[in-house]
>>> print(open('structure22.pdb').read())   # PDB, C-alpha atoms and all ligand atoms
ATOM      1  CA  MET A   1     143.184  99.579 134.364
ATOM      2  CA  MET A   2     141.836  96.567 136.158
ATOM      3  CA  SER A   3     144.921  95.865 138.220
ATOM      4  CA  ASP A   4     144.966  99.375 139.725
ATOM      5  CA  MET A   5     141.352  99.193 140.787
ATOM      6  CA  ASN A   6     141.823  96.330 143.215
ATOM      7  CA  GLU A   7     144.814  97.950 144.880
ATOM      8  CA  SER A   8     143.077 100.838 146.613
ATOM      9  CA  ALA A   9     139.779 101.049 148.427
ATOM     10  CA  ARG A  10     137.134 102.376 146.116
ATOM     11  CA  GLY A  11     134.003 104.323 146.885
ATOM     12  CA  ILE A  12     130.964 102.763 145.265
ATOM     13  CA  VAL A  13     127.339 103.921 145.513
ATOM     14  CA  VAL A  14     124.816 101.081 145.456
ATOM     15  CA  GLY A  15     121.125 101.805 144.839
ATOM     16  CA  ILE A  16     118.577  99.060 145.451
ATOM     17  CA  THR A  17     115.088  99.644 144.030
ATOM     18  CA  GLY A  18     111.793  97.786 143.954
ATOM     19  CA  ALA A  19     112.366  95.376 141.089
ATOM     20  CA  SER A  20     112.533  91.648 141.658
ATOM     21  CA  GLY A  21     116.030  90.310 142.318
ATOM     22  CA  ALA A  22     117.015  91.343 145.848
ATOM     23  CA  LEU A  23     119.449  88.414 145.887
ATOM     24  CA  TYR A  24     121.460  90.094 143.120
ATOM     25  CA  ALA A  25     121.643  93.227 145.259
ATOM     26  CA  VAL A  26     122.884  91.630 148.483
ATOM     27  CA  ARG A  27     125.358  89.446 146.564
ATOM     28  CA  THR A  28     126.744  92.538 144.842
ATOM     29  CA  VAL A  29     127.065  94.495 148.097
ATOM     30  CA  ALA A  30     128.801  91.546 149.775
ATOM     31  CA  ALA A  31     131.219  91.070 146.867
ATOM     32  CA  LEU A  32     132.100  94.781 146.819
ATOM     33  CA  MET A  33     132.677  94.762 150.575
ATOM     34  CA  SER A  34     134.937  91.727 150.214
ATOM     35  CA  GLN A  35     136.920  93.809 147.704
ATOM     36  CA  GLY A  36     137.453  96.398 150.452
ATOM     37  CA  CYS A  37     135.120  99.010 149.002
ATOM     38  CA  SER A  38     133.553 101.894 150.886
ATOM     39  CA  ILE A  39     129.899 101.560 150.008
ATOM     40  CA  ASP A  40     127.241 104.260 150.148
ATOM     41  CA  LEU A  41     123.996 102.297 150.106
ATOM     42  CA  VAL A  42     120.555 103.705 149.292
ATOM     43  CA  ILE A  43     117.438 101.530 149.272
ATOM     44  CA  SER A  44     114.091 102.805 147.984
ATOM     45  CA  ASP A  45     110.885 102.043 149.888
ATOM     46  CA  PHE A  46     109.927  99.324 147.404
ATOM     47  CA  GLY A  47     113.507  98.084 147.436
ATOM     48  CA  LYS A  48     113.115  97.499 151.192
ATOM     49  CA  ARG A  49     109.840  95.695 150.590
ATOM     50  CA  LEU A  50     111.339  93.418 147.926
ATOM     51  CA  ILE A  51     114.311  92.583 150.180
ATOM     52  CA  LYS A  52     111.900  91.444 152.907
ATOM     53  CA  ASP A  53     109.581  89.626 150.476
ATOM     54  CA  GLU A  54     112.359  87.761 148.669
ATOM     55  CA  LEU A  55     115.013  87.280 151.373
ATOM     56  CA  GLY A  56     113.117  87.513 154.666
ATOM     57  CA  ASP A  57     113.231  89.802 157.688
ATOM     58  CA  GLU A  58     116.825  88.873 158.527
ATOM     59  CA  ALA A  59     118.016  90.758 155.417
ATOM     60  CA  ALA A  60     116.141  93.950 156.361
ATOM     61  CA  ILE A  61     118.144  97.154 156.305
ATOM     62  CA  GLU A  62     118.661  97.279 160.105
ATOM     63  CA  SER A  63     120.410  93.902 160.133
ATOM     64  CA  LEU A  64     121.945  93.923 156.660
ATOM     65  CA  PRO A  65     125.647  93.935 157.713
ATOM     66  CA  ASP A  66     125.059  90.900 159.970
ATOM     67  CA  TYR A  67     123.104  89.170 157.204
ATOM     68  CA  LEU A  68     125.933  89.744 154.713
ATOM     69  CA  ARG A  69     128.545  88.414 157.143
ATOM     70  CA  SER A  70     126.526  85.306 158.019
ATOM     71  CA  LYS A  71     125.643  84.486 154.388
ATOM     72  CA  TYR A  72     128.850  85.477 152.610
ATOM     73  CA  GLY A  73     131.495  85.247 155.314
ATOM     74  CA  GLN A  74     133.821  87.515 157.241
ATOM     75  CA  THR A  75     135.599  88.734 154.119
ATOM     76  CA  THR A  76     132.769  91.267 153.910
ATOM     77  CA  ASP A  77     134.395  92.981 156.909
ATOM     78  CA  ALA A  78     137.106  94.246 154.522
ATOM     79  CA  GLY A  79     134.695  96.931 153.309
ATOM     80  CA  SER A  80     132.552  99.550 154.964
ATOM     81  CA  LEU A  81     128.896 100.408 154.599
ATOM     82  CA  VAL A  82     127.090 103.728 155.076
ATOM     83  CA  ILE A  83     123.319 103.657 154.616
ATOM     84  CA  HIS A  84     121.526 106.799 153.411
ATOM     85  CA  SER A  85     117.844 107.673 153.286
ATOM     86  CA  ASN A  86     116.523 107.814 149.731
ATOM     87  CA  ARG A  87     114.711 110.999 150.750
ATOM     88  CA  ASN A  88     117.913 112.832 151.691
ATOM     89  CA  VAL A  89     118.954 114.518 148.467
ATOM     90  CA  GLY A  90     121.354 116.558 150.606
ATOM     91  CA  ALA A  91     123.566 113.529 151.338
ATOM     92  CA  THR A  92     127.244 113.574 150.343
ATOM     93  CA  ILE A  93     126.656 111.391 147.285
ATOM     94  CA  ALA A  94     124.159 113.913 145.890
ATOM     95  CA  SER A  95     127.080 116.175 144.963
ATOM     96  CA  GLY A  96     129.713 115.796 142.286
ATOM     97  CA  SER A  97     132.241 117.265 144.737
ATOM     98  CA  HIS A  98     132.017 114.035 146.762
ATOM     99  CA  LEU A  99     134.675 111.810 145.277
ATOM    100  CA  CYS A 100     133.192 108.385 144.823
ATOM    101  CA  ASP A 101     134.211 106.243 141.882
ATOM    102  CA  ALA A 102     131.118 104.592 140.486
ATOM    103  CA  MET A 103     127.516 103.581 141.093
ATOM    104  CA  VAL A 104     125.378 100.538 140.447
ATOM    105  CA  ILE A 105     121.589 100.369 140.655
ATOM    106  CA  VAL A 106     120.718  96.714 141.271
ATOM    107  CA  PRO A 107     118.017  95.750 140.653
ATOM    108  CA  CYS A 108     116.674  98.813 138.831
ATOM    109  CA  SER A 109     112.900  99.219 138.559
ATOM    110  CA  MET A 110     111.336 100.664 135.429
ATOM    111  CA  LYS A 111     110.274 103.669 137.485
ATOM    112  CA  THR A 112     113.821 104.468 138.589
ATOM    113  CA  LEU A 113     115.089 103.676 135.080
ATOM    114  CA  ALA A 114     112.692 106.337 133.752
ATOM    115  CA  GLY A 115     113.875 108.796 136.382
ATOM    116  CA  VAL A 116     117.534 108.247 135.503
ATOM    117  CA  ALA A 117     116.868 108.356 131.758
ATOM    118  CA  HIS A 118     115.163 111.730 132.092
ATOM    119  CA  GLY A 119     117.396 113.237 134.769
ATOM    120  CA  LEU A 120     114.537 113.703 137.243
ATOM    121  CA  SER A 121     116.562 113.444 140.489
ATOM    122  CA  ARG A 122     113.387 112.857 142.521
ATOM    123  CA  ASN A 123     115.261 111.022 145.268
ATOM    124  CA  LEU A 124     118.832 110.216 146.324
ATOM    125  CA  ILE A 125     119.173 107.179 144.031
ATOM    126  CA  GLU A 126     118.129 109.169 140.968
ATOM    127  CA  ARG A 127     120.202 112.199 142.003
ATOM    128  CA  SER A 128     123.333 110.104 142.616
ATOM    129  CA  ALA A 129     122.885 108.452 139.214
ATOM    130  CA  ASP A 130     122.518 111.903 137.653
ATOM    131  CA  VAL A 131     125.782 112.939 139.345
ATOM    132  CA  MET A 132     127.578 109.897 137.883
ATOM    133  CA  LEU A 133     126.414 110.771 134.383
ATOM    134  CA  LYS A 134     127.232 114.481 134.593
ATOM    135  CA  GLU A 135     130.644 113.780 136.115
ATOM    136  CA  ARG A 136     131.343 111.106 133.473
ATOM    137  CA  ARG A 137     131.795 108.420 136.104
ATOM    138  CA  THR A 138     130.788 104.796 135.746
ATOM    139  CA  LEU A 139     127.071 104.108 136.236
ATOM    140  CA  VAL A 140     125.915 100.495 135.946
ATOM    141  CA  VAL A 141     122.154  99.984 135.653
ATOM    142  CA  VAL A 142     120.673  96.504 136.173
ATOM    143  CA  PRO A 143     117.071  96.718 134.933
ATOM    144  CA  ARG A 144     114.566  93.915 135.511
ATOM    145  CA  GLU A 145     111.232  93.674 133.805
ATOM    146  CA  SER A 146     109.642  91.303 131.335
ATOM    147  CA  PRO A 147     108.240  91.910 128.828
ATOM    148  CA  MET A 148     109.319  95.507 128.262
ATOM    149  CA  SER A 149     107.231  98.347 126.833
ATOM    150  CA  LEU A 150     108.531 100.696 124.168
ATOM    151  CA  PRO A 151     109.009 103.550 126.687
ATOM    152  CA  GLN A 152     111.030 101.211 128.912
ATOM    153  CA  LEU A 153     113.203 100.134 125.985
ATOM    154  CA  ARG A 154     113.664 103.773 124.981
ATOM    155  CA  ASN A 155     114.634 104.680 128.546
ATOM    156  CA  MET A 156     117.385 102.051 128.413
ATOM    157  CA  VAL A 157     118.672 103.589 125.188
ATOM    158  CA  LEU A 158     118.602 107.072 126.739
ATOM    159  CA  CYS A 159     120.671 105.844 129.700
ATOM    160  CA  ALA A 160     123.141 104.101 127.377
ATOM    161  CA  GLU A 161     123.439 107.245 125.245
ATOM    162  CA  SER A 162     124.255 109.200 128.423
ATOM    163  CA  GLY A 163     127.103 106.798 129.175
ATOM    164  CA  ALA A 164     125.519 104.285 131.561
ATOM    165  CA  VAL A 165     126.395 100.598 131.288
ATOM    166  CA  MET A 166     123.117  98.736 130.751
ATOM    167  CA  LEU A 167     123.516  95.327 132.385
ATOM    168  CA  PRO A 168     120.104  93.610 132.432
ATOM    169  CA  ALA A 169     119.370  91.014 135.102
ATOM    170  CA  MET A 170     119.852  88.133 132.670
ATOM    171  CA  PRO A 171     121.899  85.356 134.272
ATOM    172  CA  ALA A 172     123.427  82.825 131.879
ATOM    173  CA  PHE A 173     123.182  79.051 132.099
ATOM    174  CA  TYR A 174     126.300  77.935 130.222
ATOM    175  CA  GLN A 175     128.217  77.901 133.524
ATOM    176  CA  GLY A 176     125.975  75.095 134.808
ATOM    177  CA  PRO A 177     124.369  76.907 137.760
ATOM    178  CA  ARG A 178     122.810  74.588 140.343
ATOM    179  CA  THR A 179     121.391  77.069 142.828
ATOM    180  CA  LEU A 180     119.872  80.533 143.008
ATOM    181  CA  ASP A 181     123.121  81.643 144.651
ATOM    182  CA  ASP A 182     125.024  80.480 141.554
ATOM    183  CA  LEU A 183     122.794  82.711 139.415
ATOM    184  CA  ALA A 184     123.289  85.635 141.799
ATOM    185  CA  ASP A 185     127.057  85.061 141.759
ATOM    186  CA  PHE A 186     126.991  85.314 137.975
ATOM    187  CA  MET A 187     125.110  88.628 137.989
ATOM    188  CA  ALA A 188     127.266  90.068 140.781
ATOM    189  CA  GLY A 189     130.349  88.975 138.845
ATOM    190  CA  LYS A 190     129.123  90.741 135.715
ATOM    191  CA  ILE A 191     128.542  93.893 137.775
ATOM    192  CA  LEU A 192     131.990  93.749 139.380
ATOM    193  CA  SER A 193     133.561  93.268 135.949
ATOM    194  CA  ALA A 194     131.694  96.331 134.653
ATOM    195  CA  LEU A 195     133.055  98.270 137.638
ATOM    196  CA  GLY A 196     136.580  97.114 136.798
ATOM    197  CA  PHE A 197     137.205  94.524 139.508
ATOM    198  CA  ARG A 198     138.889  91.166 139.159
ATOM    199  CA  HIS A 199     136.875  88.439 140.868
ATOM    200  CA  SER A 200     136.186  84.735 140.938
ATOM    201  CA  LEU A 201     132.413  84.835 141.224
ATOM    202  CA  TYR A 202     132.108  82.600 138.170
ATOM    203  CA  PRO A 203     134.705  80.641 136.244
ATOM    204  CA  PRO A 204     135.974  82.296 133.062
ATOM    205  CA  TRP A 205     134.863  80.740 129.790
ATOM    206  CA  VAL A 206     137.765  78.628 128.580
ATOM    207  CA  GLY A 207     136.573  78.146 125.034
ATOM    208  CA  SER A 208     135.355  75.016 123.304
TER     209      SER A 208
HETATM  210  C1  LIG B   1     106.403  92.150 144.500
HETATM  211  C2  LIG B   1     106.748  93.266 143.535
HETATM  212  C3  LIG B   1     107.583  92.988 142.477
HETATM  213  C4  LIG B   1     107.913  93.992 141.572
HETATM  214  N1  LIG B   1     108.774  93.705 140.551
HETATM  215  C5  LIG B   1     109.137  94.679 139.678
HETATM  216  C6  LIG B   1     110.083  94.393 138.655
HETATM  217  O1  LIG B   1     110.611  93.298 138.536
HETATM  218  N2  LIG B   1     110.424  95.411 137.827
HETATM  219  C7  LIG B   1     109.888  96.672 137.950
HETATM  220  O2  LIG B   1     110.251  97.554 137.170
HETATM  221  N3  LIG B   1     108.985  96.967 138.924
HETATM  222  C8  LIG B   1     108.589  95.998 139.781
HETATM  223  N4  LIG B   1     107.695  96.276 140.789
HETATM  224  C9  LIG B   1     107.079  97.609 140.836
HETATM  225  C10 LIG B   1     107.965  98.640 141.537
HETATM  226  O3  LIG B   1     108.299  98.205 142.821
HETATM  227  C11 LIG B   1     107.209  99.973 141.588
HETATM  228  O4  LIG B   1     107.093 100.519 140.285
HETATM  229  C12 LIG B   1     107.883 100.973 142.501
HETATM  230  O5  LIG B   1     107.142 102.183 142.454
HETATM  231  C13 LIG B   1     109.318 101.239 142.127
HETATM  232  O6  LIG B   1     109.828 102.282 142.920
HETATM  233  P1  LIG B   1     111.389 102.494 143.163
HETATM  234  O7  LIG B   1     112.019 102.539 141.803
HETATM  235  O8  LIG B   1     111.460 103.799 143.877
HETATM  236  O9  LIG B   1     111.853 101.360 143.994
HETATM  237  C14 LIG B   1     107.367  95.302 141.709
HETATM  238  C15 LIG B   1     106.532  95.556 142.801
HETATM  239  C16 LIG B   1     106.231  94.560 143.696
HETATM  240  C17 LIG B   1     105.339  94.899 144.875
END
>>> encode(input="structure22.pdb", output="structure tokens", more="lines below")
Ligand SMILES: Cc1cc2nc3c(=O)[nH]c(=O)nc-3n(C[C@H](O)[C@H](O)[C@H](O)COP(=O)(O)O)c2cc1C
Amino acid sequence: MMSDMNESARGIVVGITGASGALYAVRTVAALMSQGCSIDLVISDFGKRLIKDELGDEAAIESLPDYLRSKYGQTTDAGSLVIHSNRNVGATIASGSHLCDAMVIVPCSMKTLAGVAHGLSRNLIERSADVMLKERRTLVVVPRESPMSLPQLRNMVLCAESGAVMLPAMPAFYQGPRTLDDLADFMAGKILSALGFRHSLYPPWVGS
């Protein structure tokens, strides 16, 4: 029920891994915070590296809340952000008894995709994803790789068969994007839609 989901603060786990597309990740976190969400954020070691490589030092984990506010505005203050170590598989979000609503892994590396597909739980991102699947909660996975090997394609199928929403980092161009931020808005909008939020990150298709 889309309308219900915007009316109460929701707990969302966000995992950021070492695939290209850090801009998608920060745009998604900012949009969820602007929706008033309580976010549990976990960034893998290569996720941290890609954030620095693609967005610069100012987006590094220590200064991320300030970066989000300066880039996306004070509406991000509507939400809250707790950052967990990916090594801490004893964190709250590692247990199904912790009542969060959904999780997104954006972007999702092929390594983490494999870990989720096979239930490996080697770190907090993989364990939290495993919890979402076993508890039948929403898990959105945003893989990025090109081209893809057969094992990678099979791992996407395994995740989909387990109930995950596979939402590849494939921005569209029919909306007439002019900037990288437009492309990131589109992907973040797709993710928010998959999580059940109303948003205005891209204009709805009006038909032709
Ligand atoms: C600059 C750079 C770009 C990368 N881009 C991708 C990518 O787009 N997709 C991918 O699956 N892996 C990519 N990788 C490889 C992953 O970062 C690597 O497999 C890493 O072990 C993933 O670990 P994680 O899932 O714990 O973050 C990239 C690595 C680097 C250094």
>>> residues_near_ligand(input="structure22.pdb", ligand="ligand LIG 1 (chain B)", cutoff="10 Å", atoms="only C-alpha atoms and all ligand atoms", output="number ranges by chain")
A: 15-22, 43-51, 53-54, 86, 105, 107-115, 122-123, 125-126, 143-148, 152, 169
>>> resolve_selection(input="structure22.pdb", expression="the PyMOL selection byres (((chain A and resi 76) around 10) and not hetatm)", output="ChimeraX atom specification")
/A:29-37,65-66,68-75,77-81
>>> resolve_selection(input="structure22.pdb", expression="the PyMOL selection byres (((chain A and resi 162) around 10) and not hetatm)", output="PyMOL selection string")
chain A and resi 116-117+130+133-134+136+139+156-161+163-165
>>> write_last_selection(input="structure22.pdb", atoms="C-alpha atoms", output="tab-separated table (two decimals), in the coordinates of the input")
chain	number	residue	atom	x	y	z
A	116	VAL	CA	117.53	108.25	135.50
A	117	ALA	CA	116.87	108.36	131.76
A	130	ASP	CA	122.52	111.90	137.65
A	133	LEU	CA	126.41	110.77	134.38
A	134	LYS	CA	127.23	114.48	134.59
A	136	ARG	CA	131.34	111.11	133.47
A	139	LEU	CA	127.07	104.11	136.24
A	156	MET	CA	117.38	102.05	128.41
A	157	VAL	CA	118.67	103.59	125.19
A	158	LEU	CA	118.60	107.07	126.74
A	159	CYS	CA	120.67	105.84	129.70
A	160	ALA	CA	123.14	104.10	127.38
A	161	GLU	CA	123.44	107.24	125.24
A	163	GLY	CA	127.10	106.80	129.18
A	164	ALA	CA	125.52	104.28	131.56
A	165	VAL	CA	126.40	100.60	131.29
>>> closest_residue(input="structure22.pdb", among="A:His199, A:His118, A:Arg27, A:Arg10", to="Ala184 in chain A", atoms="only C-alpha atoms")
A:Arg27
>>> closest_residue(input="structure22.pdb", among="A:Arg154, A:Gln175, A:Met103, A:Gly196", to="Val141 in chain A", atoms="all atoms listed in the file")
A:Met103
>>> atom_distance(input="structure22.pdb", atom1="CA of Ala94 in chain A", atom2="CA of Val106 in chain A")
18.1 Å
>>> atom_distance(input="structure22.pdb", atom1="CA of Tyr202 in chain A", atom2="CA of Val14 in chain A")
21.2 Å
>>> resolve_selection(input="structure22.pdb", expression="the PyMOL selection byres (((chain A and resi 13) around 9) and not hetatm)", output="VMD selection string")
chain A and resid 11 to 12 14 to 15 38 to 42 93 100 to 105 125 128 to 129
>>> atom_distance(input="structure22.pdb", atom1="CA of Leu195 in chain A", atom2="CA of Leu23 in chain A")
18.7 Å
>>> closest_residue(input="structure22.pdb", among="A:Pro203, A:Ser208, A:Lys190, A:Asp57", to="Gly176 in chain A", atoms="all atoms listed in the file")
A:Pro203
>>> residues_near_point(input="structure22.pdb", point="(126.8, 90.7, 142.2)", cutoff="6 Å", atoms="all atoms listed in the file", output="PyMOL selection string")
chain A and resi 24+27-28+185+187-189+191
>>> decode(input="structure22.pdb", residues="range 32-50 of chain A", atoms="N, CA and C atoms", output="compact mmCIF listing (two decimals), in the first residue's frame")
# COMPACT_ATOMS: atom_id res chain seq x y z
N LEU A 32 15.99 8.66 0.55
CA LEU A 32 15.33 7.94 1.65
C LEU A 32 15.30 8.80 2.92
N MET A 33 16.39 9.54 3.16
CA MET A 33 16.40 10.42 4.33
C MET A 33 15.37 11.53 4.18
N SER A 34 15.22 12.05 2.97
CA SER A 34 14.21 13.09 2.74
C SER A 34 12.80 12.55 2.93
N GLN A 35 12.65 11.23 2.81
CA GLN A 35 11.35 10.59 3.08
C GLN A 35 11.13 10.35 4.57
N GLY A 36 12.14 10.70 5.39
CA GLY A 36 12.02 10.52 6.84
C GLY A 36 12.42 9.14 7.33
N CYS A 37 13.15 8.41 6.52
CA CYS A 37 13.51 7.03 6.91
C CYS A 37 14.62 7.00 7.96
N SER A 38 14.59 5.94 8.76
CA SER A 38 15.71 5.61 9.63
C SER A 38 16.59 4.64 8.85
N ILE A 39 17.80 5.07 8.56
CA ILE A 39 18.65 4.26 7.69
C ILE A 39 19.78 3.63 8.49
N ASP A 40 19.93 2.31 8.31
CA ASP A 40 21.11 1.59 8.78
C ASP A 40 22.00 1.40 7.58
N LEU A 41 23.16 2.06 7.60
CA LEU A 41 24.04 2.07 6.43
C LEU A 41 25.28 1.22 6.67
N VAL A 42 25.59 0.36 5.69
CA VAL A 42 26.80 -0.46 5.77
C VAL A 42 27.56 -0.30 4.44
N ILE A 43 28.83 0.04 4.53
CA ILE A 43 29.63 0.23 3.32
C ILE A 43 30.82 -0.73 3.37
N SER A 44 30.98 -1.52 2.33
CA SER A 44 32.11 -2.46 2.28
C SER A 44 33.41 -1.68 2.06
N ASP A 45 34.54 -2.34 2.24
CA ASP A 45 35.82 -1.66 2.05
C ASP A 45 35.94 -1.12 0.62
N PHE A 46 35.57 -1.93 -0.37
CA PHE A 46 35.65 -1.45 -1.75
C PHE A 46 34.55 -0.44 -2.05
N GLY A 47 33.45 -0.52 -1.33
CA GLY A 47 32.43 0.51 -1.46
C GLY A 47 32.98 1.86 -1.04
N LYS A 48 33.75 1.87 0.08
CA LYS A 48 34.37 3.13 0.54
C LYS A 48 35.35 3.65 -0.50
N ARG A 49 36.11 2.73 -1.08
CA ARG A 49 37.09 3.14 -2.10
C ARG A 49 36.40 3.75 -3.31
N LEU A 50 35.32 3.12 -3.76
CA LEU A 50 34.62 3.63 -4.95
C LEU A 50 33.96 4.97 -4.68
